[in-house]
>>> print(open('data-v2.txt').read())   # compact mmCIF, C-alpha atoms
# COMPACT_ATOMS: atom_id res chain seq x y z
CA MET V 1 -48.55 -13.45 -39.23
CA LYS V 2 -47.88 -17.16 -39.63
CA ARG V 3 -48.05 -19.54 -36.76
CA LEU V 4 -44.58 -20.14 -35.26
CA GLU V 5 -42.93 -18.66 -38.33
CA LYS V 6 -41.13 -15.36 -38.42
CA HIS V 7 -42.61 -12.59 -40.50
CA ILE V 8 -39.57 -11.01 -42.19
CA ILE V 9 -40.17 -7.44 -43.24
CA SER V 10 -38.12 -5.04 -45.32
CA PRO V 11 -35.31 -3.44 -43.28
CA SER V 12 -35.77 -0.14 -41.53
CA PRO V 13 -34.06 3.01 -42.89
CA PRO V 14 -30.38 3.49 -41.99
CA LEU V 15 -29.82 4.79 -38.48
CA PRO V 16 -28.00 8.06 -37.80
CA PRO V 17 -24.18 7.84 -38.04
CA ILE V 18 -23.77 8.42 -34.29
CA ARG V 19 -25.02 4.89 -33.71
CA MET V 20 -22.36 2.24 -33.08
CA ARG V 21 -24.44 -0.52 -34.68
CA SER V 22 -25.42 -0.07 -38.31
CA LYS V 23 -29.00 -0.95 -37.43
CA ASP V 24 -30.83 -2.75 -34.69
CA ARG V 25 -32.60 -6.00 -35.46
CA ILE V 26 -35.91 -5.98 -33.61
CA ALA V 27 -37.91 -9.09 -32.72
CA TYR V 28 -41.52 -8.56 -31.62
CA PHE V 29 -43.64 -11.23 -29.94
CA TYR V 30 -47.43 -11.31 -29.99
CA ASP V 31 -50.28 -13.82 -29.72
CA GLY V 32 -53.82 -12.49 -30.03
CA ASP V 33 -55.11 -15.03 -27.53
CA VAL V 34 -53.39 -13.14 -24.71
CA GLY V 35 -55.98 -10.39 -25.04
CA ASN V 36 -59.00 -12.66 -24.95
CA VAL V 37 -58.98 -13.41 -21.23
CA TYR V 38 -61.13 -11.53 -18.76
CA PHE V 39 -60.13 -11.04 -15.12
CA GLY V 40 -63.72 -10.36 -14.11
CA PRO V 41 -66.15 -7.56 -13.19
CA LYS V 42 -64.53 -4.31 -12.01
CA HIS V 43 -61.02 -5.77 -12.10
CA PRO V 44 -58.59 -3.09 -13.35
CA MET V 45 -56.35 -5.48 -15.28
CA LYS V 46 -57.55 -5.72 -18.86
CA PRO V 47 -55.29 -7.90 -21.03
CA HIS V 48 -57.17 -6.65 -24.06
CA ARG V 49 -54.89 -3.59 -23.88
CA ILE V 50 -52.27 -5.82 -25.55
CA CYS V 51 -54.55 -6.23 -28.58
CA MET V 52 -55.14 -2.47 -28.66
CA THR V 53 -51.39 -1.89 -28.58
CA HIS V 54 -50.77 -4.41 -31.34
CA HIS V 55 -53.33 -2.90 -33.66
CA LEU V 56 -51.97 0.59 -33.05
CA VAL V 57 -48.50 -0.75 -33.92
CA LEU V 58 -50.00 -2.22 -37.11
CA SER V 59 -51.80 1.01 -38.00
CA TYR V 60 -48.47 2.86 -37.92
CA GLU V 61 -46.97 0.02 -40.03
CA LEU V 62 -44.22 -0.55 -37.50
CA HIS V 63 -44.48 -4.29 -38.08
CA ARG V 64 -42.81 -3.72 -41.45
CA LYS V 65 -39.60 -2.80 -39.65
CA MET V 66 -39.54 -5.77 -37.28
CA GLU V 67 -39.56 -9.54 -37.34
CA VAL V 68 -42.88 -10.59 -35.82
CA TYR V 69 -43.24 -13.91 -34.02
CA ARG V 70 -45.94 -15.82 -32.24
CA PRO V 71 -44.33 -17.14 -29.05
CA HIS V 72 -44.54 -20.75 -28.02
CA LYS V 73 -46.70 -21.52 -25.01
CA ALA V 74 -44.31 -22.12 -22.14
CA TYR V 75 -44.39 -25.66 -20.81
CA PRO V 76 -44.96 -26.39 -17.11
CA ALA V 77 -41.36 -27.56 -16.83
CA GLU V 78 -40.19 -24.18 -18.12
CA LEU V 79 -42.32 -22.29 -15.60
CA ALA V 80 -40.92 -24.51 -12.85
CA GLN V 81 -37.40 -23.23 -13.59
CA PHE V 82 -38.38 -20.51 -11.11
CA HIS V 83 -41.79 -21.33 -9.65
CA SER V 84 -42.45 -24.28 -7.36
CA GLU V 85 -43.77 -27.35 -9.15
CA ASP V 86 -46.81 -27.60 -6.88
CA TYR V 87 -47.81 -24.00 -7.64
CA VAL V 88 -47.42 -24.49 -11.40
CA GLU V 89 -49.39 -27.73 -11.23
CA PHE V 90 -52.20 -26.03 -9.31
CA LEU V 91 -52.40 -23.16 -11.82
CA HIS V 92 -52.56 -25.77 -14.56
CA ARG V 93 -55.58 -27.60 -13.14
CA ILE V 94 -57.63 -24.96 -11.32
CA THR V 95 -60.70 -23.59 -13.12
CA PRO V 96 -63.50 -21.20 -12.17
CA ASP V 97 -65.84 -24.20 -11.90
CA THR V 98 -63.62 -26.15 -9.51
CA GLN V 99 -62.07 -23.42 -7.38
CA HIS V 100 -64.69 -23.79 -4.65
CA LEU V 101 -63.20 -27.20 -3.89
CA PHE V 102 -59.75 -25.78 -3.13
CA ALA V 103 -60.17 -23.02 -0.55
CA GLY V 104 -56.95 -23.98 1.23
CA GLU V 105 -54.84 -24.02 -1.90
CA LEU V 106 -56.33 -20.72 -3.12
CA ALA V 107 -55.26 -19.07 0.13
CA ARG V 108 -51.82 -20.72 0.08
CA TYR V 109 -51.09 -19.48 -3.45
CA ASN V 110 -52.71 -16.06 -2.91
CA LEU V 111 -55.39 -16.58 -5.53
CA GLY V 112 -58.60 -14.65 -5.03
CA GLU V 113 -59.69 -11.04 -5.32
CA ASP V 114 -56.55 -9.42 -6.79
CA CYS V 115 -55.47 -12.58 -8.59
CA PRO V 116 -58.72 -14.28 -9.58
CA VAL V 117 -59.12 -17.66 -11.23
CA PHE V 118 -60.61 -17.13 -14.69
CA GLU V 119 -61.13 -19.10 -17.89
CA ASN V 120 -57.89 -19.99 -19.69
CA LEU V 121 -55.75 -18.63 -16.85
CA PHE V 122 -52.94 -21.12 -17.39
CA GLU V 123 -52.85 -20.60 -21.16
CA PHE V 124 -52.66 -16.84 -20.54
CA CYS V 125 -49.59 -17.43 -18.35
CA GLN V 126 -48.06 -19.78 -20.92
CA ILE V 127 -48.38 -17.19 -23.68
CA TYR V 128 -46.93 -14.18 -21.92
CA ALA V 129 -44.16 -16.21 -20.28
CA GLY V 130 -43.38 -17.97 -23.54
CA GLY V 131 -42.95 -14.59 -25.21
CA THR V 132 -40.35 -13.44 -22.71
CA ILE V 133 -38.49 -16.76 -22.78
CA ASP V 134 -38.44 -16.72 -26.59
CA ALA V 135 -37.25 -13.11 -26.55
CA ALA V 136 -34.35 -14.01 -24.25
CA GLN V 137 -33.38 -16.98 -26.41
CA ARG V 138 -33.26 -14.90 -29.58
CA LEU V 139 -31.04 -12.38 -27.83
CA ASN V 140 -28.81 -15.18 -26.52
CA ASN V 141 -28.45 -16.61 -30.02
CA GLN V 142 -27.65 -13.14 -31.39
CA LEU V 143 -30.61 -13.31 -33.76
CA CYS V 144 -31.73 -9.83 -32.72
CA ASP V 145 -30.45 -6.82 -30.81
CA ILE V 146 -33.75 -5.86 -29.16
CA ALA V 147 -36.69 -8.14 -28.33
CA ILE V 148 -40.15 -6.83 -27.38
CA ASN V 149 -42.93 -8.63 -25.51
CA TRP V 150 -45.58 -6.12 -24.42
CA ALA V 151 -47.65 -8.96 -22.92
CA GLY V 152 -44.89 -9.68 -20.40
CA GLY V 153 -43.54 -7.76 -17.43
CA LEU V 154 -45.61 -9.32 -14.64
CA HIS V 155 -43.11 -8.45 -11.95
CA HIS V 156 -44.99 -9.20 -8.71
CA ALA V 157 -45.39 -12.98 -9.02
CA LYS V 158 -43.46 -14.97 -6.41
CA LYS V 159 -41.85 -18.40 -6.48
CA CYS V 160 -44.76 -20.03 -4.66
CA GLY V 161 -47.71 -17.79 -5.39
CA ALA V 162 -49.48 -15.01 -7.24
CA SER V 163 -49.38 -11.33 -6.31
CA GLY V 164 -50.59 -8.01 -7.68
CA PHE V 165 -52.43 -9.35 -10.76
CA CYS V 166 -49.34 -11.47 -11.62
CA TYR V 167 -49.31 -15.28 -11.65
CA ILE V 168 -46.09 -16.31 -13.41
CA ASN V 169 -43.01 -14.08 -13.25
CA ASP V 170 -41.95 -14.07 -16.88
CA LEU V 171 -39.22 -11.53 -16.15
CA VAL V 172 -37.41 -13.90 -13.79
CA LEU V 173 -37.70 -16.70 -16.37
CA GLY V 174 -36.30 -14.42 -19.08
CA ILE V 175 -33.41 -13.31 -16.87
CA LEU V 176 -32.58 -16.91 -15.98
CA GLU V 177 -32.39 -17.62 -19.70
CA LEU V 178 -30.10 -14.62 -20.31
CA LEU V 179 -27.83 -15.74 -17.47
CA LYS V 180 -26.94 -18.82 -19.52
CA HIS V 181 -24.97 -16.56 -21.88
CA HIS V 182 -24.23 -13.44 -19.82
CA ALA V 183 -22.23 -13.15 -16.62
CA ARG V 184 -24.32 -10.19 -15.46
CA VAL V 185 -27.85 -9.04 -16.33
CA LEU V 186 -29.29 -5.63 -15.43
CA TYR V 187 -33.02 -5.39 -14.68
CA ILE V 188 -34.65 -1.93 -14.86
CA ASP V 189 -38.26 -1.29 -13.80
CA ILE V 190 -40.20 1.96 -14.45
CA ASP V 191 -43.61 0.67 -13.37
CA VAL V 192 -45.23 2.83 -10.66
CA HIS V 193 -45.15 -0.24 -8.39
CA HIS V 194 -41.99 -1.73 -6.93
CA GLY V 195 -40.62 -4.69 -8.89
CA ASP V 196 -40.67 -6.85 -5.78
CA GLY V 197 -40.97 -10.28 -7.35
CA VAL V 198 -37.88 -9.84 -9.53
CA GLU V 199 -35.88 -8.25 -6.73
CA GLU V 200 -36.79 -11.06 -4.34
CA ALA V 201 -35.77 -13.73 -6.85
CA PHE V 202 -32.24 -12.31 -7.18
CA TYR V 203 -31.81 -10.71 -3.75
CA PHE V 204 -28.89 -12.96 -2.77
CA THR V 205 -26.85 -12.91 -6.00
CA ASP V 206 -24.55 -10.47 -7.80
CA ARG V 207 -25.36 -12.04 -11.17
CA VAL V 208 -28.40 -9.77 -11.51
CA MET V 209 -28.67 -6.13 -10.52
CA THR V 210 -32.26 -4.94 -10.07
CA VAL V 211 -33.08 -1.23 -10.31
CA SER V 212 -36.66 -0.14 -9.58
CA PHE V 213 -38.09 3.40 -9.80
CA HIS V 214 -41.46 3.42 -8.05
CA LYS V 215 -43.92 5.06 -5.69
CA TYR V 216 -43.15 4.24 -2.05
CA GLY V 217 -45.04 5.05 1.15
CA ASP V 218 -48.67 5.78 2.07
CA MET V 219 -49.40 2.01 2.16
CA PHE V 220 -48.91 1.92 -1.62
CA PHE V 221 -48.73 -1.61 -3.06
CA PRO V 222 -46.65 -3.72 -2.54
CA GLY V 223 -45.20 -1.79 0.41
CA THR V 224 -41.58 -2.70 -0.35
CA GLY V 225 -38.83 -0.83 -2.19
CA ASP V 226 -37.23 1.45 0.40
CA VAL V 227 -33.84 2.84 -0.63
CA LYS V 228 -32.37 0.87 2.30
CA GLU V 229 -33.34 -2.47 0.70
CA VAL V 230 -30.07 -3.25 -1.08
CA GLY V 231 -29.77 -7.04 -1.23
CA GLU V 232 -28.09 -9.51 1.10
CA ARG V 233 -25.09 -11.87 1.21
CA GLU V 234 -23.50 -12.06 -2.26
CA GLY V 235 -26.29 -9.79 -3.50
CA LYS V 236 -25.62 -6.94 -1.07
CA PHE V 237 -25.73 -3.61 -2.96
CA TYR V 238 -27.00 -5.35 -6.12
CA ALA V 239 -30.63 -4.36 -5.45
CA ILE V 240 -31.23 -0.67 -6.09
CA ASN V 241 -34.48 1.01 -5.11
CA VAL V 242 -35.48 4.54 -6.03
CA PRO V 243 -38.54 5.33 -3.86
CA LEU V 244 -40.56 8.28 -5.14
CA LYS V 245 -43.52 10.30 -3.91
CA ASP V 246 -46.70 11.33 -5.70
CA GLY V 247 -46.62 13.61 -8.71
CA ILE V 248 -43.09 13.20 -10.05
CA ASP V 249 -42.81 14.86 -13.47
CA ASP V 250 -40.82 14.22 -16.65
CA THR V 251 -37.91 16.51 -15.81
CA SER V 252 -37.32 15.14 -12.32
CA PHE V 253 -37.85 11.50 -13.29
CA THR V 254 -35.72 11.42 -16.44
CA ARG V 255 -32.86 13.36 -14.83
CA LEU V 256 -32.74 10.92 -11.91
CA PHE V 257 -33.16 7.92 -14.21
CA LYS V 258 -30.29 8.90 -16.51
CA THR V 259 -27.93 9.73 -13.64
CA ILE V 260 -28.53 6.44 -11.84
CA ILE V 261 -28.63 4.15 -14.88
CA SER V 262 -25.46 5.70 -16.31
CA LYS V 263 -23.59 4.99 -13.09
CA VAL V 264 -25.10 1.51 -12.79
CA VAL V 265 -23.95 0.51 -16.28
CA GLU V 266 -20.51 2.02 -15.76
CA THR V 267 -20.08 0.17 -12.47
CA TYR V 268 -21.83 -3.13 -13.11
CA GLN V 269 -20.99 -3.62 -16.82
CA PRO V 270 -23.97 -5.86 -17.64
CA GLY V 271 -23.96 -8.11 -20.65
CA ALA V 272 -27.70 -7.65 -21.26
CA ILE V 273 -30.56 -5.51 -20.01
CA VAL V 274 -34.21 -6.30 -19.25
CA LEU V 275 -36.43 -3.20 -19.20
CA GLN V 276 -39.92 -3.40 -17.67
CA CYS V 277 -42.01 -0.53 -19.07
CA GLY V 278 -45.06 -0.52 -16.81
CA ALA V 279 -47.35 2.24 -18.11
CA ASP V 280 -49.11 2.86 -14.78
CA SER V 281 -46.42 5.47 -14.10
CA LEU V 282 -48.12 7.69 -16.70
CA ALA V 283 -50.24 10.63 -15.60
CA GLY V 284 -53.92 9.75 -15.35
CA ASP V 285 -53.49 6.04 -14.73
CA ARG V 286 -56.35 4.50 -12.76
CA LEU V 287 -53.99 3.03 -10.16
CA GLY V 288 -50.98 5.31 -10.51
CA CYS V 289 -49.98 8.64 -8.98
CA PHE V 290 -47.18 10.05 -11.14
CA ASN V 291 -47.20 12.96 -13.62
CA LEU V 292 -45.24 11.38 -16.47
CA SER V 293 -46.15 12.11 -20.06
CA ILE V 294 -45.69 9.47 -22.74
CA ASP V 295 -42.67 11.43 -24.00
CA GLY V 296 -41.12 11.37 -20.52
CA HIS V 297 -41.75 7.63 -20.14
CA ALA V 298 -40.39 6.94 -23.62
CA GLU V 299 -37.28 9.01 -22.95
CA CYS V 300 -36.21 6.34 -20.46
CA VAL V 301 -36.60 3.68 -23.17
CA ARG V 302 -34.60 5.82 -25.62
CA PHE V 303 -31.81 6.25 -23.08
CA VAL V 304 -31.54 2.51 -22.39
CA LYS V 305 -31.59 1.69 -26.11
CA LYS V 306 -28.62 4.00 -26.69
CA LEU V 307 -26.53 1.92 -24.30
CA ASN V 308 -26.20 -0.54 -27.20
CA LEU V 309 -26.52 -3.68 -25.11
CA PRO V 310 -28.76 -6.68 -25.87
CA LEU V 311 -32.16 -5.46 -24.69
CA LEU V 312 -35.34 -7.31 -23.71
CA VAL V 313 -38.33 -4.95 -23.36
CA THR V 314 -41.62 -5.89 -21.72
CA GLY V 315 -44.85 -4.25 -20.68
CA GLY V 316 -46.15 -4.37 -17.13
CA GLY V 317 -48.81 -2.40 -15.29
CA GLY V 318 -51.07 0.12 -16.95
CA TYR V 319 -54.77 0.48 -16.26
CA THR V 320 -55.99 3.27 -18.52
CA LYS V 321 -56.09 1.15 -21.66
CA GLU V 322 -55.93 3.80 -24.34
CA ASN V 323 -52.86 5.38 -22.73
CA VAL V 324 -51.17 2.00 -22.37
CA ALA V 325 -51.64 1.40 -26.09
CA ARG V 326 -50.37 4.89 -26.90
CA CYS V 327 -47.32 4.50 -24.67
CA TRP V 328 -46.14 1.10 -25.88
CA THR V 329 -46.73 2.06 -29.51
CA VAL V 330 -44.61 5.20 -29.09
CA GLU V 331 -41.94 3.10 -27.37
CA THR V 332 -42.01 0.55 -30.18
CA GLY V 333 -41.30 3.50 -32.48
CA VAL V 334 -38.47 4.66 -30.21
CA LEU V 335 -36.87 1.20 -30.36
CA LEU V 336 -37.16 1.35 -34.16
CA ASP V 337 -35.77 4.92 -34.32
CA THR V 338 -39.04 5.92 -35.96
CA GLU V 339 -40.86 9.15 -35.16
CA LEU V 340 -44.63 8.65 -35.32
CA PRO V 341 -47.19 11.22 -36.48
CA ASN V 342 -49.30 12.46 -33.57
CA GLU V 343 -52.56 11.85 -35.43
CA ILE V 344 -53.58 8.26 -34.85
CA PRO V 345 -54.31 6.37 -38.10
CA GLU V 346 -57.65 4.72 -38.66
CA ASN V 347 -57.88 1.43 -36.80
CA GLU V 348 -60.49 -0.77 -35.17
CA TYR V 349 -60.03 0.95 -31.80
CA ILE V 350 -60.11 4.54 -33.02
CA LYS V 351 -63.11 5.39 -30.83
CA TYR V 352 -61.00 4.85 -27.71
CA PHE V 353 -58.75 7.72 -28.68
CA ALA V 354 -61.50 10.34 -28.98
CA PRO V 355 -61.94 13.23 -28.89
CA ASP V 356 -58.57 14.41 -30.26
CA TYR V 357 -57.27 11.10 -31.66
CA SER V 358 -53.72 12.05 -30.75
CA LEU V 359 -50.90 9.65 -29.95
CA LYS V 360 -49.08 11.59 -27.25
CA SER V 361 -50.55 12.19 -23.82
CA PRO V 362 -49.36 15.12 -21.69
CA GLY V 363 -48.04 15.04 -18.15
CA GLY V 364 -50.46 15.52 -15.29
CA LEU V 365 -51.25 18.47 -13.05
CA MET V 366 -50.84 16.65 -9.75
CA GLU V 367 -48.60 18.43 -7.26
CA ASN V 368 -45.04 17.09 -7.36
CA LEU V 369 -44.28 16.07 -3.77
CA ASN V 370 -40.69 15.14 -4.66
CA SER V 371 -38.61 18.12 -3.52
CA LYS V 372 -35.18 18.76 -4.99
CA SER V 373 -33.63 18.00 -1.61
CA TYR V 374 -35.51 14.68 -1.37
CA LEU V 375 -34.46 13.58 -4.85
CA SER V 376 -30.89 14.66 -4.17
CA SER V 377 -30.86 12.59 -0.98
CA ILE V 378 -32.13 9.49 -2.80
CA LYS V 379 -29.59 9.95 -5.59
CA THR V 380 -26.77 10.32 -3.06
CA GLN V 381 -27.76 7.16 -1.19
CA VAL V 382 -28.00 5.14 -4.40
CA LEU V 383 -24.64 6.34 -5.70
CA GLU V 384 -23.00 5.64 -2.34
CA ASN V 385 -24.33 2.08 -2.46
CA LEU V 386 -22.95 1.68 -5.98
CA PHE V 387 -19.58 2.88 -4.76
CA CYS V 388 -19.55 -0.07 -2.33
CA ILE V 389 -19.46 -2.44 -5.31
CA GLN V 390 -16.23 -0.87 -6.66
CA HIS V 391 -16.22 -3.01 -9.78
CA ALA V 392 -18.26 -5.57 -11.65
CA PRO V 393 -18.21 -9.07 -10.10
CA SER V 394 -16.28 -11.74 -11.93
CA VAL V 395 -18.15 -14.91 -12.77
CA GLN V 396 -16.64 -18.26 -13.70
CA MET V 397 -18.86 -19.18 -16.63
CA GLN V 398 -19.65 -22.87 -17.01
CA GLU V 399 -20.65 -24.68 -20.18
CA VAL V 400 -23.81 -23.03 -21.45
CA PRO V 401 -26.83 -25.18 -20.57
CA PRO V 402 -29.35 -25.91 -23.33
CA ASP V 403 -32.41 -23.80 -23.95
CA PHE V 404 -35.55 -24.88 -22.17
CA PHE V 405 -36.64 -28.22 -23.60
CA ILE V 406 -39.17 -27.81 -26.39
CA PRO V 407 -40.68 -30.97 -27.92
CA ASN V 408 -39.48 -31.43 -31.48
CA PHE V 409 -42.40 -31.30 -33.86
CA ASP V 410 -43.48 -29.29 -36.88
CA GLU V 411 -46.61 -27.45 -35.83
CA ASP V 412 -47.30 -26.32 -39.40
CA GLU V 413 -47.80 -29.99 -40.33
CA GLN V 414 -50.21 -30.66 -37.51
CA ASN V 415 -53.46 -29.10 -38.55
CA PRO V 416 -53.53 -26.44 -41.27
CA ASP V 417 -57.18 -25.66 -40.59
CA GLU V 418 -56.46 -25.00 -36.93
CA ARG V 419 -53.54 -22.79 -37.91
CA MET V 420 -55.83 -20.70 -40.10
CA ASP V 421 -58.29 -20.37 -37.23
CA GLN V 422 -55.50 -19.08 -35.02
CA HIS V 423 -54.39 -16.63 -37.71
CA THR V 424 -57.94 -15.34 -37.89
CA GLN V 425 -58.08 -15.02 -34.12
CA ASP V 426 -54.95 -12.87 -34.21
CA LYS V 427 -56.97 -10.36 -36.21
CA GLN V 428 -59.70 -10.28 -33.61
CA ILE V 429 -59.96 -6.70 -32.46
CA GLN V 430 -62.79 -6.47 -30.03
CA ARG V 431 -64.71 -8.17 -27.30
CA ASP V 432 -68.30 -7.22 -26.68
CA ASP V 433 -67.63 -6.76 -22.98
CA GLU V 434 -64.76 -4.33 -23.63
CA TYR V 435 -66.92 -1.43 -24.84
CA TYR V 436 -68.31 0.22 -21.73
CA GLU V 437 -67.64 3.75 -20.66
CA GLY V 438 -65.47 5.06 -17.86
CA HIS V 439 -63.51 3.00 -15.36
CA TYR V 440 -65.76 -0.04 -15.90
CA ASP V 441 -65.32 -0.08 -19.66
CA ASN V 442 -65.19 -3.85 -19.89
CA ASP V 443 -67.50 -4.75 -17.02
CA HIS V 444 -70.74 -6.09 -18.37
CA VAL V 445 -73.45 -7.00 -15.91
CA ASP V 446 -76.78 -8.21 -17.20
CA GLY V 447 -79.36 -5.50 -16.94
CA SER V 448 -76.79 -2.71 -16.58
>>> encode(input="data-v2.txt", output="structure tokens")
Amino acid sequence: MKRLEKHIISPSPPLPPIRMRSKDRIAYFYDGDVGNVYFGPKHPMKPHRICMTHHLVLSYELHRKMEVYRPHKAYPAELAQFHSEDYVEFLHRITPDTQHLFAGELARYNLGEDCPVFENLFEFCQIYAGGTIDAAQRLNNQLCDIAINWAGGLHHAKKCGASGFCYINDLVLGILELLKHHARVLYIDIDVHHGDGVEEAFYFTDRVMTVSFHKYGDMFFPGTGDVKEVGEREGKFYAINVPLKDGIDDTSFTRLFKTIISKVVETYQPGAIVLQCGADSLAGDRLGCFNLSIDGHAECVRFVKKLNLPLLVTGGGGYTKENVARCWTVETGVLLDTELPNEIPENEYIKYFAPDYSLKSPGGLMENLNSKSYLSSIKTQVLENLFCIQHAPSVQMQEVPPDFFIPNFDEDEQNPDERMDQHTQDKQIQRDDEYYEGHYDNDHVDGS
């Protein structure tokens, strides 16, 4: 993959005749540096899962059916399109060595245990946010039909602070970009946690409808997302929450998902969709509590793809790394209309997929606490709220503002040697501190 150049691959096979588009053009964003950061000992967030996903995608040769791009690193001014300038500036300058000097600011911006300061924190944010911004711009310019950024989807970050392992809310930045060309954008979130940061950002507008399917109750993070939270002022009824209990399975989840999303699209008529595919809703996730199989999770992606609207797909949560990689690889295949063999091909991470080396993971055995009557009640409340909208809002579109300002220079001319180093880094497939067993598989403590 060349630095800041697209990697054009031979086209995918023709799609089935039932498709309205002859074939989808897929753009895929990845920078290997995003997986080289380390949140710290015993922290469940392991960005290296993005590298594992990428190499599994490569092993199935899915990159040959997509255009692969390295995203630009988002500039502070771009991040400040949503976040406060003082927060962005603080993220830019804080380091592990200097954080002890800024106790007040750390508290103000909610940096600490859940959202630690680590080496290259700001660059990490620039990469994953840049990927989502670039994805939105390619969709806006009709250069692709579907854009994928598995490094993105950090839905908890707030305007003036970090939250829930999220520092910069790339989803909000991507939606703001899409709103330059689309009167209405639909945001869908299937992470086990409520998409609170995105909902909060658009709580007072009808330009964005947010729909979040998540665990609610029992003090589960972030504690928001009741079905009664519907938006306010111009945004009233444009926030949809589907609060679920422990153990929901494929059948219950996908049936509810399809019913609600179908009605949402019919009523709201979005011009584009952003789909956050948090994989912590899978069975067996370290922080999750649902029973979804990879097939069940991917069925939601398949359903949204078939709506044939410009689609931006991101990652999100997911704390059992091998299952995250499995899930997002399967979903890359779904977006490419490509069925993948269940036997995982040889790759640098093959040991993680022992003992059966299979791609699909089954649903869990946790008791499903979501009764039919409970799910029916939630569905009824959501559909009643949608009925209050009556029709899609009309928006007087102004002249389209320019894309975020990017300095005009040819990076390929800058330093060919440095470019080659970066290309080599993209092939990096392991970190020494990522190979430890069990829940602490990347926690290395001297003497342990």
>>> residues_near_point(input="data-v2.txt", point="(-26.1, 2.4, -19.6)", cutoff="10 Å", atoms="all atoms listed in the file", output="MDAnalysis selection string")
chainID V and resid 186 258:270 273 303:309
>>> closest_atom_pairs(input="data-v2.txt", of="range 132-201 of chain V", to="range 220-231 of chain V", cutoff="9 Å", atoms="all atoms listed in the file", output="Markdown table")
| residue | atom | partner | partner_atom | distance |
| --- | --- | --- | --- | --- |
| V:His156 | CA | V:Pro222 | CA | 8.4 |
| V:Ser163 | CA | V:Pro222 | CA | 8.9 |
| V:Gly164 | CA | V:Pro222 | CA | 7.8 |
| V:His193 | CA | V:Phe221 | CA | 6.6 |
| V:His194 | CA | V:Gly225 | CA | 5.8 |
| V:Gly195 | CA | V:Gly225 | CA | 7.9 |
| V:Asp196 | CA | V:Thr224 | CA | 6.9 |
| V:Glu199 | CA | V:Gly231 | CA | 8.3 |
| V:Glu200 | CA | V:Gly231 | CA | 8.7 |
>>> residues_around(input="data-v2.txt", residues="Thr95 in chain V", least_positions_apart="5", cutoff="10 Å", atoms="only C-alpha atoms", output="list in words")
Phe90, His100, Val117, Phe118, Glu119, Asn120, Leu121 and Phe122 of chain V
>>> write_last_selection(input="data-v2.txt", atoms="C-alpha atoms", output="short mmCIF file (atom, residue, chain, number, x, y, z; two decimals), in the coordinates of the input")
data_model
loop_
_atom_site.label_atom_id
_atom_site.label_comp_id
_atom_site.auth_asym_id
_atom_site.auth_seq_id
_atom_site.Cartn_x
_atom_site.Cartn_y
_atom_site.Cartn_z
CA PHE V 90 -52.20 -26.03 -9.31
CA HIS V 100 -64.69 -23.79 -4.65
CA VAL V 117 -59.12 -17.66 -11.23
CA PHE V 118 -60.61 -17.13 -14.69
CA GLU V 119 -61.13 -19.10 -17.89
CA ASN V 120 -57.89 -19.99 -19.69
CA LEU V 121 -55.75 -18.63 -16.85
CA PHE V 122 -52.94 -21.12 -17.39
#
>>> closest_residue(input="data-v2.txt", among="V:Leu383, V:Asn368, V:Tyr60, V:Glu177", to="Glu339 in chain V", atoms="only C-alpha atoms")
V:Tyr60
>>> atom_distance(input="data-v2.txt", atom1="CA of Lys236 in chain V", atom2="CA of Leu275 in chain V")
21.4 Å
>>> atom_distance(input="data-v2.txt", atom1="CA of Pro44 in chain V", atom2="CA of Cys166 in chain V")
12.6 Å
>>> residues_near_point(input="data-v2.txt", point="(-26.3, -12.1, -28.1)", cutoff="9 Å", atoms="all atoms listed in the file", output="list in words")
Gln137, Arg138, Leu139, Asn140, Asn141, Gln142, Leu143, Cys144, Asp145, His181, His182, Gly271, Ala272, Leu309 and Pro310 of chain V
>>> closest_residue(input="data-v2.txt", among="V:Leu292, V:Leu171, V:Ile26, V:Leu62", to="Ala151 in chain V", atoms="only C-alpha atoms")
V:Leu171
>>> atom_distance(input="data-v2.txt", atom1="CA of Leu312 in chain V", atom2="CA of Ala147 in chain V")
4.9 Å
>>> closest_residue(input="data-v2.txt", among="V:Leu386, V:Val208, V:Leu369, V:Ile127", to="Asn149 in chain V", atoms="only C-alpha atoms")
V:Ile127
>>> closest_residue(input="data-v2.txt", among="V:Val382, V:Val88, V:Val192, V:Met52", to="Tyr167 in chain V", atoms="only C-alpha atoms")
V:Val88
>>> residues_around(input="data-v2.txt", residues="Ile168 in chain V", least_positions_apart="5", cutoff="10 Å", atoms="all atoms listed in the file", output="NGL selection string")
:V and (79-80 or 82-83 or 87-88 or 91 or 122 or 124-126 or 128-129 or 152-163 or 173 or 197)
>>> closest_residue(input="data-v2.txt", among="V:Ile190, V:Ile344, V:Ala27, V:Val172", to="Cys300 in chain V", atoms="only C-alpha atoms")
V:Ile190
